[in-house]
Each structure stands twice: as structure tokens, then as C-alpha cells.
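Data from work_0.txt: compact mmCIF, C-alpha atoms and all ligand atoms
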```
# COMPACT_ATOMS: atom_id res chain seq x y z
CA MET A 1 -15.59 -19.29 12.44
CA ASN A 2 -17.98 -18.72 9.53
CA TYR A 3 -16.00 -16.11 7.64
CA GLN A 4 -18.33 -16.05 4.66
CA SER A 5 -21.34 -15.05 6.72
CA ILE A 6 -19.29 -12.48 8.65
CA LEU A 7 -18.30 -10.91 5.31
CA GLU A 8 -21.94 -10.88 4.16
CA GLU A 9 -22.95 -9.13 7.39
CA ILE A 10 -20.21 -6.54 6.94
CA LYS A 11 -21.33 -5.87 3.37
CA GLU A 12 -24.91 -5.26 4.55
CA GLU A 13 -23.74 -2.96 7.33
CA VAL A 14 -21.40 -0.80 5.23
CA TYR A 15 -23.67 -0.38 2.19
CA PRO A 16 -25.48 2.69 3.56
CA TYR A 17 -22.10 4.47 3.88
CA LEU A 18 -20.95 4.01 0.28
CA ARG A 19 -22.12 7.48 -0.70
CA GLU A 20 -20.10 9.12 2.05
CA GLY A 21 -16.55 10.29 1.37
CA LYS A 22 -15.03 11.42 -1.92
CA VAL A 23 -13.26 9.62 -4.73
CA ALA A 24 -9.68 10.92 -5.28
CA ASN A 25 -10.00 13.59 -7.94
CA TYR A 26 -6.45 14.96 -8.06
CA ILE A 27 -5.54 12.09 -10.38
CA PRO A 28 -7.92 12.72 -13.34
CA ALA A 29 -7.91 9.09 -14.46
CA LEU A 30 -9.27 8.05 -11.05
CA ALA A 31 -11.86 10.81 -10.71
CA ASN A 32 -14.51 8.95 -12.70
CA VAL A 33 -14.56 5.74 -10.69
CA ASN A 34 -18.06 4.86 -9.45
CA PRO A 35 -17.98 5.28 -5.64
CA GLU A 36 -20.73 2.74 -5.08
CA GLN A 37 -18.51 -0.31 -5.23
CA PHE A 38 -17.33 -2.59 -2.46
CA ALA A 39 -15.25 -5.74 -2.21
CA MET A 40 -13.53 -7.63 0.58
CA THR A 41 -11.45 -10.83 0.51
CA LEU A 42 -9.72 -12.94 3.15
CA THR A 43 -6.95 -15.31 2.04
CA MET A 44 -5.99 -18.04 4.48
CA PHE A 45 -2.61 -19.79 4.77
CA ASP A 46 -3.87 -22.83 2.84
CA GLY A 47 -5.01 -20.62 -0.05
CA ARG A 48 -8.72 -20.72 0.75
CA GLN A 49 -10.41 -17.43 -0.04
CA TYR A 50 -13.61 -15.83 1.26
CA SER A 51 -14.95 -12.89 -0.74
CA VAL A 52 -17.86 -10.54 -0.84
CA GLY A 53 -18.82 -7.83 -3.38
CA GLN A 54 -16.84 -7.07 -6.54
CA ALA A 55 -13.77 -9.08 -5.61
CA ASP A 56 -12.82 -9.67 -9.27
CA THR A 57 -12.87 -6.00 -10.24
CA LEU A 58 -9.42 -4.51 -10.76
CA PHE A 59 -8.60 -1.13 -9.19
CA SER A 60 -5.59 1.14 -8.85
CA ILE A 61 -3.55 0.02 -5.83
CA GLN A 62 -1.77 3.41 -5.58
CA SER A 63 0.02 3.73 -2.22
CA ILE A 64 -0.46 0.08 -1.30
CA SER A 65 2.45 -0.42 -3.73
CA LYS A 66 4.66 1.32 -1.13
CA VAL A 67 4.57 -1.84 0.99
CA PHE A 68 5.99 -3.87 -1.88
CA THR A 69 8.69 -1.43 -2.95
CA PHE A 70 9.74 -1.02 0.70
CA THR A 71 9.99 -4.82 0.97
CA LEU A 72 12.25 -4.95 -2.09
CA ALA A 73 14.45 -2.11 -0.84
CA LEU A 74 14.80 -3.67 2.63
CA LYS A 75 15.64 -7.01 1.08
CA HIS A 76 18.51 -5.50 -0.89
CA TYR A 77 19.77 -2.82 1.48
CA GLY A 78 18.86 -3.95 5.02
CA LEU A 79 19.42 -1.52 7.86
CA GLU A 80 21.37 0.89 5.65
CA LEU A 81 18.03 2.01 4.24
CA TYR A 82 17.13 3.76 7.49
CA GLU A 83 19.98 6.21 7.02
CA ARG A 84 17.94 7.74 4.19
CA ILE A 85 14.37 7.08 5.30
CA GLY A 86 13.01 7.10 8.85
CA ARG A 87 10.41 4.94 10.54
CA GLU A 88 8.37 7.36 12.61
CA PRO A 89 4.77 8.36 11.93
CA SER A 90 4.64 11.74 10.20
CA GLY A 91 1.39 13.09 11.65
CA ASN A 92 1.08 14.93 8.34
CA PRO A 93 -0.79 14.41 5.05
CA PHE A 94 0.74 11.87 2.65
CA ASN A 95 2.03 14.51 0.24
CA SER A 96 3.17 17.16 2.71
CA LEU A 97 6.33 19.16 1.97
CA VAL A 98 6.73 21.09 5.23
CA GLN A 99 8.22 18.39 7.46
CA LEU A 100 10.62 17.28 4.73
CA GLU A 101 12.07 20.79 4.59
CA TYR A 102 12.72 21.17 8.30
CA GLU A 103 14.00 17.62 8.62
CA SER A 104 16.65 18.22 5.97
CA GLY A 105 15.25 16.04 3.22
CA LYS A 106 14.97 12.79 5.22
CA PRO A 107 11.41 11.45 4.90
CA ARG A 108 9.78 10.32 8.14
CA ASN A 109 8.84 6.87 6.83
CA PRO A 110 8.59 4.79 3.63
CA PHE A 111 4.78 5.04 3.44
CA ILE A 112 4.35 8.76 2.89
CA ASN A 113 5.01 9.95 -0.65
CA ALA A 114 8.47 11.40 0.03
CA GLY A 115 9.58 8.13 1.65
CA ALA A 116 8.20 5.98 -1.14
CA ILE A 117 9.77 8.17 -3.82
CA ASN A 118 13.08 7.82 -1.99
CA VAL A 119 12.59 4.04 -1.89
CA THR A 120 12.03 4.09 -5.67
CA ASP A 121 15.26 6.06 -6.06
CA VAL A 122 17.12 3.45 -3.99
CA LEU A 123 15.66 0.67 -6.16
CA LEU A 124 16.70 2.45 -9.36
CA THR A 125 20.25 2.70 -8.02
CA TYR A 126 20.21 -1.01 -7.20
CA PHE A 127 18.61 -2.29 -10.41
CA LYS A 128 20.46 0.25 -12.59
CA SER A 129 17.83 1.10 -15.24
CA SER A 130 14.17 2.17 -15.29
CA THR A 131 13.22 -0.85 -17.35
CA SER A 132 14.77 -3.36 -15.01
CA THR A 133 13.47 -1.56 -11.88
CA SER A 134 9.88 -1.62 -13.20
CA LYS A 135 10.30 -5.22 -14.24
CA LYS A 136 11.64 -6.30 -10.84
CA ILE A 137 8.71 -4.60 -9.09
CA LEU A 138 6.21 -6.34 -11.36
CA ASP A 139 8.02 -9.69 -11.06
CA PHE A 140 7.76 -9.39 -7.29
CA MET A 141 4.02 -8.67 -7.52
CA HIS A 142 3.53 -11.67 -9.79
CA ALA A 143 5.35 -13.90 -7.30
CA ILE A 144 3.67 -12.80 -4.06
CA ALA A 145 0.18 -12.67 -5.56
CA ASP A 146 0.85 -15.84 -7.55
CA ASP A 147 -0.65 -14.15 -10.59
CA THR A 148 1.24 -13.11 -13.71
CA SER A 149 -1.65 -11.08 -15.12
CA ILE A 150 -0.90 -8.13 -12.80
CA ALA A 151 0.14 -5.06 -14.81
CA PHE A 152 0.71 -1.30 -14.75
CA ASN A 153 -2.02 0.97 -16.09
CA ASP A 154 -0.18 3.42 -18.36
CA ILE A 155 -3.15 5.76 -18.66
CA VAL A 156 -3.31 6.24 -14.88
CA ALA A 157 0.47 6.64 -14.66
CA GLU A 158 0.52 9.27 -17.41
CA SER A 159 -2.45 11.08 -15.97
CA GLU A 160 -0.63 11.32 -12.66
CA MET A 161 2.53 12.53 -14.38
CA GLU A 162 0.64 15.45 -15.89
CA HIS A 163 -0.43 16.58 -12.43
CA GLY A 164 2.53 15.37 -10.42
CA PHE A 165 3.78 18.79 -9.30
CA ARG A 166 3.79 17.99 -5.60
CA ASN A 167 5.56 14.67 -5.97
CA LEU A 168 8.15 16.33 -8.20
CA ALA A 169 8.57 19.02 -5.55
CA LEU A 170 9.16 16.35 -2.88
CA ALA A 171 11.75 14.62 -5.04
CA ASN A 172 13.49 17.89 -5.89
CA LEU A 173 13.59 18.86 -2.22
CA MET A 174 15.25 15.55 -1.31
CA LYS A 175 17.70 16.04 -4.20
CA SER A 176 18.57 19.51 -2.90
CA PHE A 177 19.50 17.93 0.45
CA ASN A 178 21.62 15.28 -1.31
CA ASN A 179 19.29 12.50 -0.20
CA PHE A 180 18.61 11.31 -3.76
CA ASP A 181 20.83 9.45 -6.23
CA ASN A 182 19.16 9.58 -9.62
CA ASP A 183 17.42 11.87 -12.08
CA VAL A 184 14.22 13.19 -10.46
CA MET A 185 12.05 12.72 -13.55
CA GLU A 186 13.23 9.16 -14.11
CA VAL A 187 12.43 8.17 -10.50
CA ILE A 188 9.01 9.85 -10.49
CA LYS A 189 8.04 7.99 -13.65
CA ILE A 190 8.79 4.64 -12.01
CA TYR A 191 7.00 5.76 -8.83
CA PHE A 192 3.82 6.64 -10.77
CA GLN A 193 4.10 3.39 -12.65
CA HIS A 194 4.13 1.27 -9.50
CA CYS A 195 1.25 3.34 -8.05
CA SER A 196 -0.74 2.54 -11.21
CA ILE A 197 -0.61 -1.25 -10.72
CA GLU A 198 -4.10 -2.75 -10.92
CA MET A 199 -5.23 -5.60 -8.71
CA ASN A 200 -8.42 -6.86 -7.11
CA THR A 201 -9.06 -7.80 -3.50
CA LYS A 202 -8.43 -11.50 -4.20
CA MET A 203 -4.94 -10.77 -5.53
CA LEU A 204 -4.12 -8.21 -2.86
CA SER A 205 -5.15 -10.33 0.10
CA ARG A 206 -3.10 -13.21 -1.35
CA SER A 207 -0.11 -10.90 -1.67
CA MET A 208 -0.16 -10.16 2.09
CA LEU A 209 0.58 -13.74 3.13
CA TYR A 210 4.37 -13.34 3.23
CA LEU A 211 3.89 -10.52 5.74
CA ALA A 212 1.45 -12.56 7.82
CA ASN A 213 3.95 -15.43 7.93
CA HIS A 214 7.33 -13.94 8.92
CA GLY A 215 8.55 -13.35 5.37
CA VAL A 216 7.76 -16.83 4.00
CA ASP A 217 4.90 -17.51 1.59
CA PRO A 218 2.89 -20.21 3.43
CA ILE A 219 1.56 -21.67 0.17
CA THR A 220 4.70 -21.89 -1.96
CA GLY A 221 7.20 -22.05 0.91
CA LYS A 222 9.24 -19.31 -0.75
CA THR A 223 11.21 -16.99 1.55
CA TYR A 224 11.14 -13.32 0.49
CA ILE A 225 12.59 -11.55 3.51
CA THR A 226 13.82 -12.40 7.00
CA SER A 227 11.33 -12.73 9.83
CA GLN A 228 12.81 -9.65 11.45
CA GLN A 229 12.27 -7.64 8.27
CA ALA A 230 8.67 -8.88 8.08
CA LYS A 231 8.12 -7.91 11.71
CA ARG A 232 9.41 -4.42 10.98
CA ILE A 233 7.34 -3.90 7.84
CA ASN A 234 4.25 -4.86 9.84
CA ALA A 235 5.28 -2.45 12.59
CA VAL A 236 5.68 0.42 10.11
CA MET A 237 2.32 -0.47 8.53
CA LEU A 238 0.69 -0.26 11.94
CA THR A 239 2.30 3.05 12.89
CA CYS A 240 2.49 4.77 9.48
CA GLY A 241 0.22 2.91 7.03
CA HIS A 242 -2.57 5.47 7.07
CA TYR A 243 -0.63 8.77 7.16
CA ASP A 244 -2.11 11.19 9.69
CA ALA A 245 -4.92 8.73 10.44
CA SER A 246 -2.56 5.88 11.42
CA GLY A 247 -3.32 6.23 15.12
CA ASP A 248 -7.01 6.21 14.37
CA PHE A 249 -6.70 3.08 12.20
CA ALA A 250 -4.75 1.26 14.94
CA PHE A 251 -7.34 2.42 17.48
CA HIS A 252 -10.37 1.26 15.49
CA VAL A 253 -9.01 -1.73 13.54
CA GLY A 254 -5.97 -2.94 15.47
CA LEU A 255 -4.13 -4.59 12.57
CA PRO A 256 -1.10 -3.60 10.47
CA GLY A 257 -2.55 -2.10 7.29
CA LYS A 258 -1.83 0.08 4.28
CA SER A 259 -4.18 2.22 2.25
CA GLY A 260 -4.11 3.75 -1.23
CA VAL A 261 -6.08 6.61 -2.80
CA GLY A 262 -7.65 4.11 -5.21
CA GLY A 263 -9.76 3.08 -2.20
CA GLY A 264 -7.97 -0.17 -1.39
CA ILE A 265 -6.69 -1.19 2.03
CA VAL A 266 -4.63 -4.27 2.86
CA ALA A 267 -4.30 -5.69 6.36
CA VAL A 268 -2.49 -8.56 8.01
CA VAL A 269 -3.68 -10.95 10.70
CA PRO A 270 -0.37 -12.46 11.84
CA LYS A 271 -0.10 -16.24 11.47
CA MET A 272 -3.59 -16.44 9.99
CA MET A 273 -4.55 -14.50 6.88
CA GLY A 274 -4.19 -11.59 4.49
CA ILE A 275 -7.12 -9.20 4.03
CA ALA A 276 -7.96 -6.71 1.30
CA VAL A 277 -10.91 -4.37 1.08
CA TRP A 278 -11.92 -1.88 -1.59
CA ALA A 279 -14.39 1.00 -1.63
CA PRO A 280 -13.29 4.01 -3.73
CA ALA A 281 -14.65 6.94 -1.71
CA LEU A 282 -12.10 8.37 0.73
CA ASN A 283 -12.16 10.13 4.10
CA ALA A 284 -10.41 13.45 4.73
CA GLN A 285 -7.01 11.77 5.19
CA GLY A 286 -7.22 9.96 1.85
CA ASN A 287 -8.08 6.50 3.21
CA SER A 288 -11.08 4.45 2.08
CA LEU A 289 -13.96 5.48 4.33
CA VAL A 290 -16.00 2.31 3.95
CA GLY A 291 -12.87 0.15 3.77
CA THR A 292 -11.79 1.36 7.20
CA LYS A 293 -15.29 0.79 8.54
CA ALA A 294 -15.39 -2.74 7.10
CA LEU A 295 -12.08 -3.64 8.73
CA GLU A 296 -13.23 -2.23 12.04
CA LEU A 297 -16.37 -4.37 11.83
CA PHE A 298 -14.26 -7.39 10.91
CA THR A 299 -11.96 -7.15 13.94
CA SER A 300 -14.89 -6.37 16.25
CA LYS A 301 -16.95 -9.33 15.04
CA THR A 302 -14.07 -11.85 14.98
CA GLY A 303 -11.86 -10.59 17.82
CA LEU A 304 -8.94 -10.98 15.37
CA SER A 305 -6.87 -7.94 16.17
CA ILE A 306 -3.27 -7.95 17.38
CA PHE A 307 -4.32 -6.35 20.65
N1 LIG B 1 0.09 8.05 -6.57
C1 LIG B 1 -0.47 8.74 -5.43
C2 LIG B 1 0.32 10.02 -5.16
O1 LIG B 1 1.49 10.02 -5.32
C3 LIG B 1 -0.44 7.84 -4.24
C4 LIG B 1 -1.02 8.48 -3.02
C5 LIG B 1 -1.79 7.56 -2.16
O2 LIG B 1 -2.28 6.52 -2.57
N2 LIG B 1 -2.01 8.01 -0.95
O3 LIG B 1 -0.22 11.02 -4.80
```
In C-alpha cells, write the structure found in this file.
Amino acid sequence: MNYQSILEEIKEEVYPYLREGKVANYIPALANVNPEQFAMTLTMFDGRQYSVGQADTLFSIQSISKVFTFTLALKHYGLELYERIGREPSGNPFNSLVQLEYESGKPRNPFINAGAINVTDVLLTYFKSSTSTSKKILDFMHAIADDTSIAFNDIVAESEMEHGFRNLALANLMKSFNNFDNDVMEVIKIYFQHCSIEMNTKMLSRSMLYLANHGVDPITGKTYITSQQAKRINAVMLTCGHYDASGDFAFHVGLPGKSGVGGGIVAVVPKMMGIAVWAPALNAQGNSLVGTKALELFTSKTGLSIF
């Protein structure tokens, strides 16, 4: 298959839509990003990459980081993790408080904010200090993306902290139900830090390979998690990776995927490749509008969906 020309076609077809949607403005440091940007990269198991658009431009990965923190927590806690965090789609916005209240402080899944904040709390308990938790998260990113230049963006993290009322409310609610170990403020700071990680589509698509290959990096041969854990992360990405638009994403794209309000989306074609796409303007559910469209075009043109 000529992946490069398929990507070029997709770029042509999505360009007219780049002005639709809205850049996330509830995080001031992200509000000024130019919406007319697009990038898409495929990384194959032998390391070959196909890219189109601004594939070297770094952006804020935001909630895509939830895939990586969930991986780390599963690796260290295994099934025990599900006693604190569920694995059902929420059918609610990513930062909703309502469901968390009537479900007694147990987040529906690790990919909504409450679930990811709880995962960060679990990691802090395991790694014992903020410094070592942040370091372990970054070390993991460096390993799976095979790139040690990946870093936090402190300006974005601080900007989010200043407006983090809802995330603090979620954490406090979980604490009030005794589903939280550590100091709320300390956990939220680490959570915002991992959301602020900057990567480009080349790095992100590379970082998906362990999930496309049953937990083993096909290039380095390094095992990160068991094949059953990889299967389950992919399953939760498919059912919960796009909040209250997860069903729609599965319907249109048909691949496990995870979005972030920075406009990035990662997706996995099992046994074949990792994909990342970036276009900053979002749809009503907070997922990249053009990114979703590009992935839909990709699976339609190539037939590479899991269904
Ligand atoms: N840091 C963002 C938040 O907590 C992440 C949300 C997202 O990407 N959907 O609101």
C-alpha cells in the first residue's frame, strides 16, 4: 500500500475543515494556538515512518498522557487497580462531576479526568515522591518514544493549575469518598505536569508501538507490559478513549484511540502500526475535529480497522 500518497490525499481532503471547531480555551496557555495546523504520522513495526503536514511541530499531548500513566499503574498494580477505577464508558464529558458523586467516588474509567487523577494518585503512592513520580513518567515516555528530548511544559502546567478548579473538585470528591491516598494538591500538580508533555506526531505514533504489539516494543524488543494488559488498554481506548464521543469514534474510525484537548489523537492498528494525528481545533466533546476526520478517511481508504 502506498501510505505516503494516502496521507497526502487525506491532507488535501481535510484542509477545508481546519477552520471548523474550536481550540481549547479553558487552558489559557493553549488558547492562542493557531488552529490551521495539521500533521499525521504512521510508524511501522520496522521503524519506517510516513508523515504529512507539520509532523515535527511539538504540541501539548494533554489527555493522551492518560494512556501512558494507566500503563504504568497497570504494570505496577495489575488487577487491583480496578478496585479503585472502573473500565466502563462514562457517557459524560471528560471533566464531569455528577457521575462521580452518585457512584461514590469511583471513576468510571482511567481516561476521564477523575480516573486519570486517581491513576496519578496511585502512581504517587507507588513511587513515593512527586519528583520520582514525574521522573518515572518522563522516563517511560523517553523509552517508548525512543526520544530523550521529550519534556514537560511548565508554562502550560502552571496555566492549568491557575484554572484547575474542576480537576481539584474531582480530586476532593474522590478524597471525600476515601478513594484517594495522597494530598490533593500534590497529585493535581503531577497530573497537570504529565498533561503538559509536548510531543509531535512522529514521537507519538512511535510511542504506540508497544500497544500495537502485545506489550512488546517491536523495534527494541523491550517488554513493557503483558499481552493481556496491552489487550485491555486497547479495549479501554476503544470504549472510553474519546469520552462521550467514544461510540462515535469506534463507529467512524474503528480503531482503539485516545484524544487530548491539545488536538492530538493516537490510534493503534494491531500488529501493524502506531498512528498519531494533530489538528488543534476541537469538536463539542473536546476531540480534534479534523483529527477524527483524518482517521476516518485513513481507515476507509486502507480498510485497516479492527472490524
Ligand atoms: N489537562 C486537561 C484537563 O485536565 C486534559 C483534558 C483533555 O485533554 N481532555 O482538563
With all atoms listed in the file counted, which protein, DNA or RNA residues have an atom no more than 6 Å from (-3.4, 3.5, -10.0) in the file frame? Please answer as an mmCIF file with C-alpha atoms, in the coordinates of the input.
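Output below, filename point.cif:
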```cif
data_model
loop_
_atom_site.group_PDB
_atom_site.id
_atom_site.type_symbol
_atom_site.label_atom_id
_atom_site.label_comp_id
_atom_site.auth_asym_id
_atom_site.auth_seq_id
_atom_site.Cartn_x
_atom_site.Cartn_y
_atom_site.Cartn_z
ATOM 1 C CA SER A 60 -5.590 1.140 -8.850
ATOM 2 C CA ILE A 61 -3.550 0.020 -5.830
ATOM 3 C CA GLN A 62 -1.770 3.410 -5.580
ATOM 4 C CA VAL A 156 -3.310 6.240 -14.880
ATOM 5 C CA CYS A 195 1.250 3.340 -8.050
ATOM 6 C CA SER A 196 -0.740 2.540 -11.210
ATOM 7 C CA ILE A 197 -0.610 -1.250 -10.720
#
```
Point to revise | Within 8 Å of ligand LIG 1 (chain B), counting all atoms listed in the file, residues as an NGL selection string | key: :A and (27 or 61-64 or 94-95 or 112-113 or 160 or 164 or 167 or 191-192 or 195-196 or 259-262 or 286-287)
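Of the residues under consideration (A:Met44, A:Gly78, A:Val277, A:Arg108), A:Val277 shows the shortest atom-to-atom contact distance to A:Thr201 when counting only C-alpha atoms.
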List as CSV every residue of stretch 16-117 of chain A that is in contact with stretch 230-235 of chain A, defined as an atom at most 10 Å from one of its atoms (using only C-alpha atoms), together with the nearest atom pair and the distance in Å rounded to one decimal, sorted by chain and then rising number.
```
residue,atom,partner,partner_atom,distance
A:Val67,CA,A:Ile233,CA,7.7
A:Phe68,CA,A:Ile233,CA,9.8
A:Phe70,CA,A:Ile233,CA,8.1
A:Thr71,CA,A:Ile233,CA,7.4
A:Leu74,CA,A:Ile233,CA,9.1
A:Arg87,CA,A:Ala235,CA,9.2
A:Pro110,CA,A:Ile233,CA,9.7
```
Print the selection's residues with C-alpha atoms to a file, as a short mmCIF file (atom, residue, chain, number, x, y, z; two decimals), in the frame of the given file.
```
data_model
loop_
_atom_site.label_atom_id
_atom_site.label_comp_id
_atom_site.auth_asym_id
_atom_site.auth_seq_id
_atom_site.Cartn_x
_atom_site.Cartn_y
_atom_site.Cartn_z
CA VAL A 67 4.57 -1.84 0.99
CA PHE A 68 5.99 -3.87 -1.88
CA PHE A 70 9.74 -1.02 0.70
CA THR A 71 9.99 -4.82 0.97
CA LEU A 74 14.80 -3.67 2.63
CA ARG A 87 10.41 4.94 10.54
CA PRO A 110 8.59 4.79 3.63
#
```
Check your understanding: Which of these, A:Phe38, A:Tyr3, A:Tyr126, A:Tyr243, has the shortest distance to A:Arg19 once you count all atoms listed in the file?
Key ->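 Looking only at the distances to A:Arg19, the closest residue turns out to be A:Phe38.
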**Study point:** Point-to-point distance from atom CA of A:Gln54 to atom CA of A:Val33, Å rounded to tenths
**Key:**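 Spanning atom CA of A:Gln54 to atom CA of A:Val33 is a straight-line distance of 13.7 Å.
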